[in-house]
Amino acid sequence: MMESLFYMAGFVAFTATVLSLSRTNATHALIYLIISLLAVAVMFYLMGAPFAAALEIVVYAGAIMVLFVFVIMMLNLGQAGEQRERQWLAPRIWIVPTLLALILLVEMALAITQISGTTSGVEVTPKEVGLTLFGPYLLAVEIASMLLLAGLVGAYHLGRRSIDRSRQS
Amino acid sequence: MPGLQVPLEHVLMMAAALFIAGLVGLMVRRNIIFILMSLEVMLNASALAFVAAGAHWGQADGQIIFMLILTVAAAEVSVGLGLVLLLQRRFKTLDMDNANRLRD
Amino acid sequence: MNLAAMQGLLPLLVLGLGAAVLMLQISIRRQLGWSYAITVATLLLGAAAMEPAMQVAPLQVTPLLRVDNLGLFFGSLFCLSGAVTAVISRDYLRSREGENEEYFLLLLLSTLGAVILAYSTHVAALLLGLELLSVALYALIAYPERGTLPLEAAIKYLVLSGAASATLLFGFALIYAALGSLEYAEIAVQISAGRAATSPALILMGAAMVFAGLGFKLSVVPFHMWTPDVYEGAPAPISGFLAGVSKGAVFIAVLRWFLESGFFQYSSLLAGITLLSIASILVGNLLALLQTNVKRILAYSSIAHLGYLLIVLVAAGVSPEPGLAVEAGGYYVVAYVITTLAAFSLLGLISRQSGDREYDQLSDLAGLFWKQPGLAALFTVALLSLAGIPLTAGFIGKFYLISAGVDAALWGLLAALVIGSAIGIFYYLRIIYTMTTVGEQANPGTTADMLVGSRLVVYLLIFAMLYLGIVPEPLMGYLRTIL
């Protein structure tokens with residue numbers, strides 16, 4: 001029962017991702033992407049990683065995707081954008097990249113089949129994750145804060161410039 | 001709830017498939033918003049592989065790398081979307097191929 | 001975390017604290033002079049902090065970072081390079097008004113990322129160092145209000161570098177799935193315990209993906225496409241930082257990963273690296289011949305130089321005693337970073353008042369010798385050093401590489417190195433020749449009002465390149481004792 005749920009989640013994740021990346025409407029694509037992320041969160045939960053599952057929903061589907069929503073709303077792409085997008089996505093431009101990627105996928109599949117064993121079936125609790133994070137990985141937390149600072153300052157500068165520009169025009 | 005015992009091979013294959021889907025999107029799409037989404041898909045696929053491997057070994061490390069990947073994705077996307085806004089204001093387009101003044 | 005660990009991490013603490021102070025200063029009162037002073041002081045202090053940290057080295061601080069002589073030495077090299085970039089940027093930004101304080105904050109954070117890379121002994125530290133370095137750089141590339149080129153360059157760099165990070169992570173996930181470890185030393189233990197034998201293809205696939213990801217950041221052929229575009233679009237001081245510090249730091253991280261986690265045992269991986277090296281040397285040098293933009297020439301030249309540096313990895317993997325190869329790699333990185341910084345500093349300094357466009361066309365340099373002998377001399381020494389002419393740092397670096405290659409009997413790679421260097425001399429001399437001609441073109445800015453800091457940096461860089469070329473023994477001896 002649980003196994004079939006896992007494989008279903010995997011199927012949903014992959015299908016939603018493919019649909020998302022082949023849309024012409026950015027908002028639709030984003031909603032498919034959120035579905036894909038939710039399905040991945042289900043997989044995390046079933047593999048015994050409840051904390052990762054929660055974060056996937058809260059941070060990925062919640063925060064990062066909302067950032068995309070904001071930008072798409074601000075840009076106001078509309079019908080014309082969709083029309084243009086459709087022109088760009090002529091079927092023939094998919095052929096070569098897809099073939100190349102499939103070759104890579106087959107190679108990866110051949111390598112991956114060498115691994116045996118299953119997921120352990122033991123739940124790694126949020127408490128364990130927290131203890132490890134603030135134990136051996138303490139410095140990673142500190143460095144990650146610097147990384148977020150860099151992202152914040154960079155986004156602030158670029159965003160402010162784009163606001164200045166729209167005021168001028 | 002105890003975790004599920006699924007073959008690691010299957011989860012990694014799933015992650016590889018998602019990764020490849022993101023890669024195709026990255027190569028095919030010309031709209032910069034979709035390119036950033038493809039990037040997110042690729043990063044998320046790596047995160048899935050890490051969590052699966054962590055679950056295989058019963059270690060917390062996989063989930064911790066997942067959290068670091070979340071941080072990385074957030075930082076990249078925030079700067080990326082800032083650039084998107086500027087690009088739109090300046091070129092009135094999101095087409096990567098229009099931004100092609102840098103050529104040989 | 002005890003006191004010894006704190007002492008060992010002193011360079012990182014200084015940089016982190018400096019970033020915090022700088023942020024407070026900007027939020028209290030915007031003042032470019034103060035931001036600049038805090039940045040340069042922090043970077044110099046960070047470089048000086050190597051001294052107390054060395055007293056406790058070698059020391060493993062949590063599984064993530066190791067404080068050892070290699071990391072400390074290159075960490076302070078990157079701090080000093082960051083300081084050089086800051087000084088040149090100050091001059092470069094003077095005519096480009098706007099809120100430029102955050103520029104220095106981002107530069108400081110980026111340097112912090114480079115230093116973390118030099119210390120990294122764990123996947124998490126590698127990932128975070130790499131991303132801190134790149135995320136700050138995305139914003140720095142697009143920082144100046146200067147037409148559309150920087151914006152394009154930043155987007156190109158962001159997309160490709162993000163894809164490279166994802167590839168690298170997927171590779172590490174495969175290795176983690178097979179071996180159950182994220183720490184380099186642990187991975188080596190697992191490999192030598194024979195755990196890798198059950199899934200050799202998986203490990204190789206993982207290692208290949210990691211190397212592809214890092215190869216993007218090092219811009220070795222075939223992952224080099226972005227390099228000329230990004231270097232051309234970025235402001236000249238940042239191009240120098242990208243070419244010198246970013247590549248140098250990633251190379252040190254690759255060296256650590258490669259040697260400490262025992263991947264040099266895989267001969268097919270070494271064969272792959274050999275191919276990448278030969279391709280980078282030939283493609284980089286040949287395409288450089290076709291360019292008319294100085295930044296693009298330097299970009300292709302940096303691709304070729306990274307090809308030369310890959311010889312170090314192969315030599316370290318093949319020869320039973322990797323000491324000589326690592327030493328040669330260390331010397332080459334020092335020479336390369338200084339020389340690259342010098343070359344881009346010149347472009348930054350002559351483009352101080354150039355407005356939207358930079359003076360980076362070959363024709364812009366015409367007659368530079370007669371107008372600004374000081375800057376022209378700096379550029380000439382840098383180009384001669386890049387070409388590997390005797391009496392410059394680049395010559396000794398190449399000489400060192402050749403001896404490491406001979407030691408490991410890598411004849412194919414050595415042949416590529418010699419051919420590549422011979423081709424290289426053409427385009428470097430072409431730039432020098434252009435500087436001596438009397439051009440009709442517009443005068444690239446006056447430099448009479450160059451800041452004292454920039455003057456000092458120019459003289460220091462010339463001195464360093466010549467000193468390392470004429471009296472190489474002190475650095476060689478030093479590298480031998482610490483490695």
# chains A, B, ... in the order shown; residues from 1 in each chain; ligands from 1
>>> residues_around(residues="range 357-367 of chain C", least_positions_apart="6", cutoff="7 Å", atoms="only C-alpha atoms", output="PyMOL selection string")
chain C and resi 292-295+347+350-351+431+434-439+441+444
>>> select_by_dssp(residues="range 173-333 of chain C", states="alpha helix (DSSP H)", output="VMD selection string")
chain C and resid 173 to 179 184 to 192 200 to 218 226 to 233 236 to 241 247 to 260 267 to 289 294 to 318 323 to 333
>>> residues_around(residues="Leu33 in chain A", least_positions_apart="4", cutoff="12 Å", atoms="only C-alpha atoms", output="MDAnalysis selection string")
(chainID A and resid 12:23 26:29 37:40 57 60:62 64:66 68:69) or (chainID B and resid 18 22 34 36:41 44)
>>> residues_around(residues="Leu70 in chain C", least_positions_apart="4", cutoff="12 Å", atoms="only C-alpha atoms", output="mmCIF file with N, CA and C atoms, in the first residue's frame")
data_model
loop_
_atom_site.group_PDB
_atom_site.id
_atom_site.type_symbol
_atom_site.label_atom_id
_atom_site.label_comp_id
_atom_site.auth_asym_id
_atom_site.auth_seq_id
_atom_site.Cartn_x
_atom_site.Cartn_y
_atom_site.Cartn_z
ATOM 1 N N MET C 50 46.765 34.745 9.073
ATOM 2 C CA MET C 50 47.376 33.457 8.777
ATOM 3 C C MET C 50 48.469 33.131 9.795
ATOM 4 N N MET C 54 48.621 29.722 11.916
ATOM 5 C CA MET C 54 49.602 28.700 11.561
ATOM 6 C C MET C 54 50.178 28.008 12.790
ATOM 7 N N ALA C 57 48.134 24.985 13.315
ATOM 8 C CA ALA C 57 47.956 24.087 12.173
ATOM 9 C C ALA C 57 48.908 22.890 12.296
ATOM 10 N N PRO C 58 48.578 21.726 11.762
ATOM 11 C CA PRO C 58 47.302 21.384 11.144
ATOM 12 C C PRO C 58 46.250 20.999 12.178
ATOM 13 N N LEU C 59 45.041 21.421 11.923
ATOM 14 C CA LEU C 59 43.966 21.197 12.881
ATOM 15 C C LEU C 59 42.676 21.011 12.106
ATOM 16 N N ARG C 66 39.531 22.173 7.315
ATOM 17 C CA ARG C 66 40.804 21.846 7.942
ATOM 18 C C ARG C 66 41.728 23.046 7.824
ATOM 19 N N PHE C 74 47.031 29.775 0.835
ATOM 20 C CA PHE C 74 46.218 30.239 -0.290
ATOM 21 C C PHE C 74 45.082 31.133 0.175
ATOM 22 N N GLY C 75 44.578 30.870 1.396
ATOM 23 C CA GLY C 75 43.573 31.769 1.939
ATOM 24 C C GLY C 75 44.093 33.186 2.006
ATOM 25 N N SER C 76 45.329 33.362 2.471
ATOM 26 C CA SER C 76 45.804 34.742 2.562
ATOM 27 C C SER C 76 46.157 35.292 1.185
ATOM 28 N N LEU C 77 46.565 34.417 0.260
ATOM 29 C CA LEU C 77 46.762 34.904 -1.114
ATOM 30 C C LEU C 77 45.454 35.466 -1.668
ATOM 31 N N VAL C 115 38.164 31.782 0.451
ATOM 32 C CA VAL C 115 38.985 31.283 1.551
ATOM 33 C C VAL C 115 38.407 29.987 2.102
ATOM 34 N N LEU C 117 36.772 27.809 0.433
ATOM 35 C CA LEU C 117 37.120 26.748 -0.521
ATOM 36 C C LEU C 117 38.518 26.209 -0.246
ATOM 37 N N ALA C 118 39.447 27.110 0.110
ATOM 38 C CA ALA C 118 40.821 26.672 0.346
ATOM 39 C C ALA C 118 40.907 25.767 1.567
ATOM 40 N N TYR C 119 39.942 25.866 2.499
ATOM 41 C CA TYR C 119 39.968 25.060 3.725
ATOM 42 C C TYR C 119 39.137 23.790 3.626
ATOM 43 N N SER C 120 38.336 23.653 2.548
ATOM 44 C CA SER C 120 37.257 22.671 2.582
ATOM 45 C C SER C 120 37.759 21.242 2.542
ATOM 46 N N ALA C 249 40.855 29.566 -6.413
ATOM 47 C CA ALA C 249 40.244 28.932 -5.247
ATOM 48 C C ALA C 249 39.604 27.609 -5.633
ATOM 49 N N ILE C 252 42.301 25.015 -6.042
ATOM 50 C CA ILE C 252 42.802 24.481 -4.774
ATOM 51 C C ILE C 252 41.800 23.491 -4.192
ATOM 52 N N ALA C 253 40.494 23.821 -4.301
ATOM 53 C CA ALA C 253 39.461 22.914 -3.786
ATOM 54 C C ALA C 253 39.479 21.590 -4.555
ATOM 55 N N LEU C 255 42.046 20.280 -6.081
ATOM 56 C CA LEU C 255 43.270 19.581 -5.689
ATOM 57 C C LEU C 255 43.037 18.817 -4.398
ATOM 58 N N ARG C 256 42.408 19.491 -3.415
ATOM 59 C CA ARG C 256 42.128 18.849 -2.136
ATOM 60 C C ARG C 256 41.213 17.652 -2.306
ATOM 61 N N VAL C 326 52.266 18.848 -6.502
ATOM 62 C CA VAL C 326 51.482 19.790 -5.708
ATOM 63 C C VAL C 326 52.240 21.102 -5.539
ATOM 64 N N GLU C 327 53.563 20.969 -5.311
ATOM 65 C CA GLU C 327 54.413 22.155 -5.190
ATOM 66 C C GLU C 327 54.359 22.993 -6.468
ATOM 67 N N GLY C 329 52.018 22.949 -8.687
ATOM 68 C CA GLY C 329 50.681 23.524 -8.787
ATOM 69 C C GLY C 329 50.557 24.757 -7.925
ATOM 70 N N GLY C 330 51.082 24.675 -6.697
ATOM 71 C CA GLY C 330 51.011 25.821 -5.793
ATOM 72 C C GLY C 330 51.716 27.030 -6.373
ATOM 73 N N TYR C 331 52.922 26.801 -6.897
ATOM 74 C CA TYR C 331 53.688 27.920 -7.457
ATOM 75 C C TYR C 331 52.954 28.517 -8.653
ATOM 76 N N TYR C 478 59.607 27.927 0.574
ATOM 77 C CA TYR C 478 58.495 28.072 1.509
ATOM 78 C C TYR C 478 57.401 27.062 1.206
ATOM 79 N N LEU C 479 57.064 26.955 -0.095
ATOM 80 C CA LEU C 479 56.020 26.001 -0.473
ATOM 81 C C LEU C 479 56.437 24.585 -0.101
ATOM 82 N N ARG C 480 57.746 24.299 -0.262
ATOM 83 C CA ARG C 480 58.212 22.950 0.048
ATOM 84 C C ARG C 480 58.038 22.656 1.540
ATOM 85 N N THR C 481 58.297 23.676 2.374
ATOM 86 C CA THR C 481 58.186 23.402 3.811
ATOM 87 C C THR C 481 56.729 23.250 4.239
ATOM 88 N N ILE C 482 55.810 23.985 3.587
ATOM 89 C CA ILE C 482 54.441 23.932 4.100
ATOM 90 C C ILE C 482 53.612 22.834 3.460
ATOM 91 N N LEU C 483 54.021 22.306 2.315
ATOM 92 C CA LEU C 483 53.135 21.336 1.660
ATOM 93 C C LEU C 483 53.500 19.904 2.036
#
>>> closest_residue(among="B:Ala60, B:Val28, B:Met42, B:Ala52", to="Ala90 in chain A", atoms="only C-alpha atoms")
B:Val28
>>> interface_residues(of="chain B", to="chain C", cutoff="9 Å", atoms="only C-alpha atoms", output="tab-separated table (two decimals) with N, CA, C and O atoms, in the first residue's frame")
chain	number	residue	atom	x	y	z
B	8	LEU	N	16.86	1.57	-3.27
B	8	LEU	CA	17.55	2.84	-3.46
B	8	LEU	C	17.69	3.17	-4.94
B	8	LEU	O	17.58	4.32	-5.37
B	12	LEU	N	16.96	6.71	-6.90
B	12	LEU	CA	18.01	7.42	-7.63
B	12	LEU	C	17.64	7.57	-9.10
B	12	LEU	O	17.93	8.60	-9.72
B	15	ALA	N	15.36	10.41	-9.32
B	15	ALA	CA	16.11	11.67	-9.22
B	15	ALA	C	16.82	11.97	-10.53
B	15	ALA	O	16.81	13.11	-11.01
B	16	ALA	N	17.41	10.93	-11.15
B	16	ALA	CA	18.12	11.14	-12.41
B	16	ALA	C	17.16	11.61	-13.49
B	16	ALA	O	17.47	12.51	-14.28
B	19	PHE	N	16.39	15.19	-12.92
B	19	PHE	CA	17.57	15.98	-13.27
B	19	PHE	C	17.63	16.20	-14.77
B	19	PHE	O	17.86	17.31	-15.26
B	23	LEU	N	17.48	19.45	-17.15
B	23	LEU	CA	18.56	19.77	-18.10
B	23	LEU	C	17.99	20.07	-19.48
B	23	LEU	O	18.40	21.02	-20.16
B	26	LEU	N	16.48	23.41	-19.48
B	26	LEU	CA	17.54	24.43	-19.50
B	26	LEU	C	18.06	24.67	-20.91
B	26	LEU	O	18.34	25.80	-21.31
B	32	ILE	N	13.78	33.38	-19.79
B	32	ILE	CA	14.68	33.28	-18.64
B	32	ILE	C	13.96	32.78	-17.39
B	32	ILE	O	14.55	32.06	-16.57
B	35	ILE	N	13.98	29.15	-17.63
B	35	ILE	CA	15.34	28.64	-17.41
B	35	ILE	C	15.63	28.56	-15.91
B	35	ILE	O	16.18	27.58	-15.42
B	36	LEU	N	15.21	29.58	-15.18
B	36	LEU	CA	15.42	29.55	-13.73
B	36	LEU	C	14.63	28.40	-13.10
B	36	LEU	O	15.10	27.74	-12.18
B	39	LEU	N	16.45	25.25	-13.56
B	39	LEU	CA	17.55	25.20	-12.60
B	39	LEU	C	17.06	24.68	-11.26
B	39	LEU	O	17.70	23.84	-10.61
B	40	GLU	N	15.88	25.17	-10.85
B	40	GLU	CA	15.30	24.71	-9.59
B	40	GLU	C	15.03	23.21	-9.64
B	40	GLU	O	15.28	22.50	-8.66
B	42	MET	N	16.60	20.98	-11.39
B	42	MET	CA	17.86	20.24	-11.29
B	42	MET	C	18.36	20.20	-9.85
B	42	MET	O	18.80	19.16	-9.35
B	43	LEU	N	18.31	21.33	-9.17
B	43	LEU	CA	18.77	21.37	-7.78
B	43	LEU	C	17.91	20.47	-6.91
B	43	LEU	O	18.41	19.74	-6.05
B	44	ASN	N	16.58	20.48	-7.18
B	44	ASN	CA	15.68	19.66	-6.39
B	44	ASN	C	15.95	18.18	-6.63
B	44	ASN	O	15.86	17.38	-5.70
B	45	ALA	N	16.31	17.82	-7.87
B	45	ALA	CA	16.63	16.42	-8.16
B	45	ALA	C	17.85	15.99	-7.36
B	45	ALA	O	17.88	14.89	-6.79
B	46	SER	N	18.87	16.85	-7.29
B	46	SER	CA	20.05	16.51	-6.49
B	46	SER	C	19.66	16.35	-5.03
B	46	SER	O	20.15	15.45	-4.34
B	47	ALA	N	18.77	17.23	-4.56
B	47	ALA	CA	18.34	17.15	-3.16
B	47	ALA	C	17.64	15.82	-2.90
B	47	ALA	O	17.89	15.17	-1.88
B	48	LEU	N	16.80	15.39	-3.86
B	48	LEU	CA	16.11	14.11	-3.70
B	48	LEU	C	17.13	12.98	-3.59
B	48	LEU	O	17.01	12.10	-2.73
B	49	ALA	N	18.15	13.02	-4.45
B	49	ALA	CA	19.16	11.97	-4.41
B	49	ALA	C	19.87	11.96	-3.06
B	49	ALA	O	20.16	10.90	-2.48
B	50	PHE	N	20.15	13.14	-2.52
B	50	PHE	CA	20.83	13.21	-1.22
B	50	PHE	C	19.95	12.64	-0.11
B	50	PHE	O	20.42	11.87	0.74
B	51	VAL	N	18.67	13.03	-0.10
B	51	VAL	CA	17.78	12.54	0.97
B	51	VAL	C	17.65	11.03	0.87
B	51	VAL	O	17.68	10.32	1.88
B	52	ALA	N	17.54	10.51	-0.38
B	52	ALA	CA	17.42	9.07	-0.55
B	52	ALA	C	18.66	8.36	-0.03
B	52	ALA	O	18.58	7.36	0.69
B	53	ALA	N	19.84	8.90	-0.39
B	53	ALA	CA	21.08	8.27	0.06
B	53	ALA	C	21.19	8.35	1.58
B	53	ALA	O	21.62	7.40	2.24
B	54	GLY	N	20.76	9.47	2.15
B	54	GLY	CA	20.78	9.61	3.61
B	54	GLY	C	19.86	8.60	4.26
B	54	GLY	O	20.20	8.00	5.28
B	56	HIS	N	19.10	5.74	3.00
B	56	HIS	CA	19.73	4.43	2.82
B	56	HIS	C	20.71	4.14	3.95
B	56	HIS	O	20.74	3.04	4.50
B	57	TRP	N	21.50	5.14	4.31
B	57	TRP	CA	22.50	4.92	5.36
B	57	TRP	C	21.94	5.21	6.74
B	57	TRP	O	22.64	5.04	7.74
B	59	GLN	N	21.39	8.07	8.01
B	59	GLN	CA	22.11	9.21	8.59
B	59	GLN	C	21.31	10.49	8.39
B	59	GLN	O	20.50	10.59	7.48
B	61	ASP	N	22.85	13.24	7.63
B	61	ASP	CA	23.65	14.08	6.73
B	61	ASP	C	22.93	14.40	5.42
B	61	ASP	O	23.04	15.50	4.89
B	62	GLY	N	22.20	13.39	4.90
B	62	GLY	CA	21.49	13.62	3.64
B	62	GLY	C	20.51	14.76	3.76
B	62	GLY	O	20.45	15.66	2.91
B	64	ILE	N	20.66	17.16	5.89
B	64	ILE	CA	21.35	18.43	6.13
B	64	ILE	C	21.83	19.03	4.82
B	64	ILE	O	21.68	20.23	4.57
B	65	ILE	N	22.38	18.16	3.95
B	65	ILE	CA	22.78	18.68	2.64
B	65	ILE	C	21.55	19.20	1.90
B	65	ILE	O	21.60	20.22	1.20
B	68	LEU	N	21.00	22.64	3.00
B	68	LEU	CA	21.98	23.56	2.41
B	68	LEU	C	21.61	23.84	0.95
B	68	LEU	O	21.75	24.97	0.47
B	69	ILE	N	21.10	22.80	0.25
B	69	ILE	CA	20.69	23.02	-1.14
B	69	ILE	C	19.53	24.01	-1.19
B	69	ILE	O	19.46	24.87	-2.08
B	72	VAL	N	21.02	27.39	-0.93
B	72	VAL	CA	21.66	27.75	-2.18
B	72	VAL	C	20.61	28.16	-3.21
B	72	VAL	O	20.73	29.18	-3.88
B	73	ALA	N	19.53	27.35	-3.29
B	73	ALA	CA	18.49	27.64	-4.27
B	73	ALA	C	17.87	28.99	-4.00
B	73	ALA	O	17.65	29.79	-4.92
B	75	ALA	N	19.20	31.60	-2.47
B	75	ALA	CA	20.12	32.70	-2.78
B	75	ALA	C	20.23	32.90	-4.28
B	75	ALA	O	20.17	34.02	-4.78
B	76	GLU	N	20.35	31.78	-5.02
B	76	GLU	CA	20.49	31.88	-6.48
B	76	GLU	C	19.25	32.52	-7.09
B	76	GLU	O	19.35	33.40	-7.96
B	79	VAL	N	18.82	36.40	-6.48
B	79	VAL	CA	19.64	37.23	-7.36
B	79	VAL	C	19.17	37.07	-8.81
B	79	VAL	O	19.08	38.04	-9.57
B	80	GLY	N	18.83	35.81	-9.18
B	80	GLY	CA	18.39	35.56	-10.55
B	80	GLY	C	17.15	36.37	-10.90
B	80	GLY	O	17.07	36.98	-11.97
B	83	LEU	N	17.87	39.95	-11.47
B	83	LEU	CA	18.40	40.16	-12.83
B	83	LEU	C	17.27	40.13	-13.85
B	83	LEU	O	17.27	40.90	-14.81
B	84	VAL	N	16.29	39.23	-13.64
B	84	VAL	CA	15.15	39.15	-14.57
B	84	VAL	C	14.43	40.48	-14.63
B	84	VAL	O	14.10	40.98	-15.71
B	86	LEU	N	15.56	43.46	-13.99
B	86	LEU	CA	16.37	44.46	-14.72
B	86	LEU	C	16.33	44.20	-16.22
B	86	LEU	O	16.23	45.14	-17.01
B	87	LEU	N	16.43	42.93	-16.58
B	87	LEU	CA	16.44	42.56	-18.01
B	87	LEU	C	15.15	43.01	-18.67
B	87	LEU	O	15.15	43.59	-19.76
B	90	ARG	N	14.96	46.74	-19.17
B	90	ARG	CA	15.86	47.30	-20.17
B	90	ARG	C	15.55	46.85	-21.58
B	90	ARG	O	15.54	47.62	-22.50
B	91	PHE	N	15.30	45.55	-21.75
B	91	PHE	CA	15.10	45.02	-23.11
B	91	PHE	C	13.65	44.89	-23.48
B	91	PHE	O	13.33	44.65	-24.63
B	96	MET	N	16.36	34.93	-23.78
B	96	MET	CA	17.80	34.87	-23.59
B	96	MET	C	18.54	35.17	-24.89
B	96	MET	O	19.62	35.73	-24.88
B	99	ALA	N	19.35	38.72	-25.74
B	99	ALA	CA	20.49	39.25	-24.99
B	99	ALA	C	21.75	38.61	-25.55
B	99	ALA	O	22.38	37.79	-24.93
B	100	ASN	N	22.07	38.99	-26.75
B	100	ASN	CA	23.18	38.28	-27.40
B	100	ASN	C	24.22	39.24	-27.97
B	100	ASN	O	24.79	39.00	-29.02
B	101	ARG	N	24.41	40.36	-27.29
B	101	ARG	CA	25.40	41.27	-27.82
B	101	ARG	C	26.81	40.77	-27.56
B	101	ARG	O	27.77	41.23	-28.14
B	102	LEU	N	26.91	39.84	-26.62
B	102	LEU	CA	28.22	39.28	-26.31
B	102	LEU	C	28.48	38.11	-27.25
B	102	LEU	O	28.04	37.00	-27.00
B	103	ARG	N	29.14	38.37	-28.31
B	103	ARG	CA	29.44	37.30	-29.26
B	103	ARG	C	30.84	37.53	-29.78
B	103	ARG	O	31.43	38.58	-29.61
B	104	ASP	N	31.33	36.52	-30.47
B	104	ASP	CA	32.66	36.68	-31.08
B	104	ASP	C	32.63	37.72	-32.19
B	104	ASP	O	31.66	37.81	-32.90
>>> residues_around(residues="Thr339 in chain C", least_positions_apart="6", cutoff="7 Å", atoms="only C-alpha atoms", output="PyMOL selection string")
chain C and resi 382+385-386+465
>>> write_last_selection(atoms="all heavy atoms", output="PDB file, in the first residue's frame")
ATOM      1  N   ALA C 382      53.010  41.788 -17.259  1.00  0.00           N
ATOM      2  CA  ALA C 382      51.974  40.774 -17.054  1.00  0.00           C
ATOM      3  C   ALA C 382      51.848  39.871 -18.273  1.00  0.00           C
ATOM      4  O   ALA C 382      51.755  38.646 -18.148  1.00  0.00           O
ATOM      5  CB  ALA C 382      50.632  41.446 -16.763  1.00  0.00           C
ATOM      6  N   SER C 385      54.726  37.568 -18.546  1.00  0.00           N
ATOM      7  CA  SER C 385      54.608  36.516 -17.544  1.00  0.00           C
ATOM      8  C   SER C 385      53.567  35.481 -17.968  1.00  0.00           C
ATOM      9  O   SER C 385      53.762  34.279 -17.785  1.00  0.00           O
ATOM     10  CB  SER C 385      54.244  37.142 -16.202  1.00  0.00           C
ATOM     11  OG  SER C 385      54.083  36.156 -15.235  1.00  0.00           O
ATOM     12  N   LEU C 386      52.445  35.946 -18.554  1.00  0.00           N
ATOM     13  CA  LEU C 386      51.451  35.000 -19.054  1.00  0.00           C
ATOM     14  C   LEU C 386      52.037  34.126 -20.153  1.00  0.00           C
ATOM     15  O   LEU C 386      51.741  32.945 -20.262  1.00  0.00           O
ATOM     16  CB  LEU C 386      50.225  35.753 -19.594  1.00  0.00           C
ATOM     17  CG  LEU C 386      49.227  36.282 -18.580  1.00  0.00           C
ATOM     18  CD1 LEU C 386      48.181  37.128 -19.265  1.00  0.00           C
ATOM     19  CD2 LEU C 386      48.565  35.146 -17.834  1.00  0.00           C
ATOM     20  N   MET C 465      55.731  40.163  -9.761  1.00  0.00           N
ATOM     21  CA  MET C 465      55.921  39.312 -10.938  1.00  0.00           C
ATOM     22  C   MET C 465      57.402  39.156 -11.258  1.00  0.00           C
ATOM     23  O   MET C 465      57.866  38.071 -11.600  1.00  0.00           O
ATOM     24  CB  MET C 465      55.172  39.901 -12.141  1.00  0.00           C
ATOM     25  CG  MET C 465      53.684  39.659 -12.083  1.00  0.00           C
ATOM     26  SD  MET C 465      52.868  40.251 -13.564  1.00  0.00           S
ATOM     27  CE  MET C 465      52.904  41.998 -13.328  1.00  0.00           C
TER      28      MET C 465
END
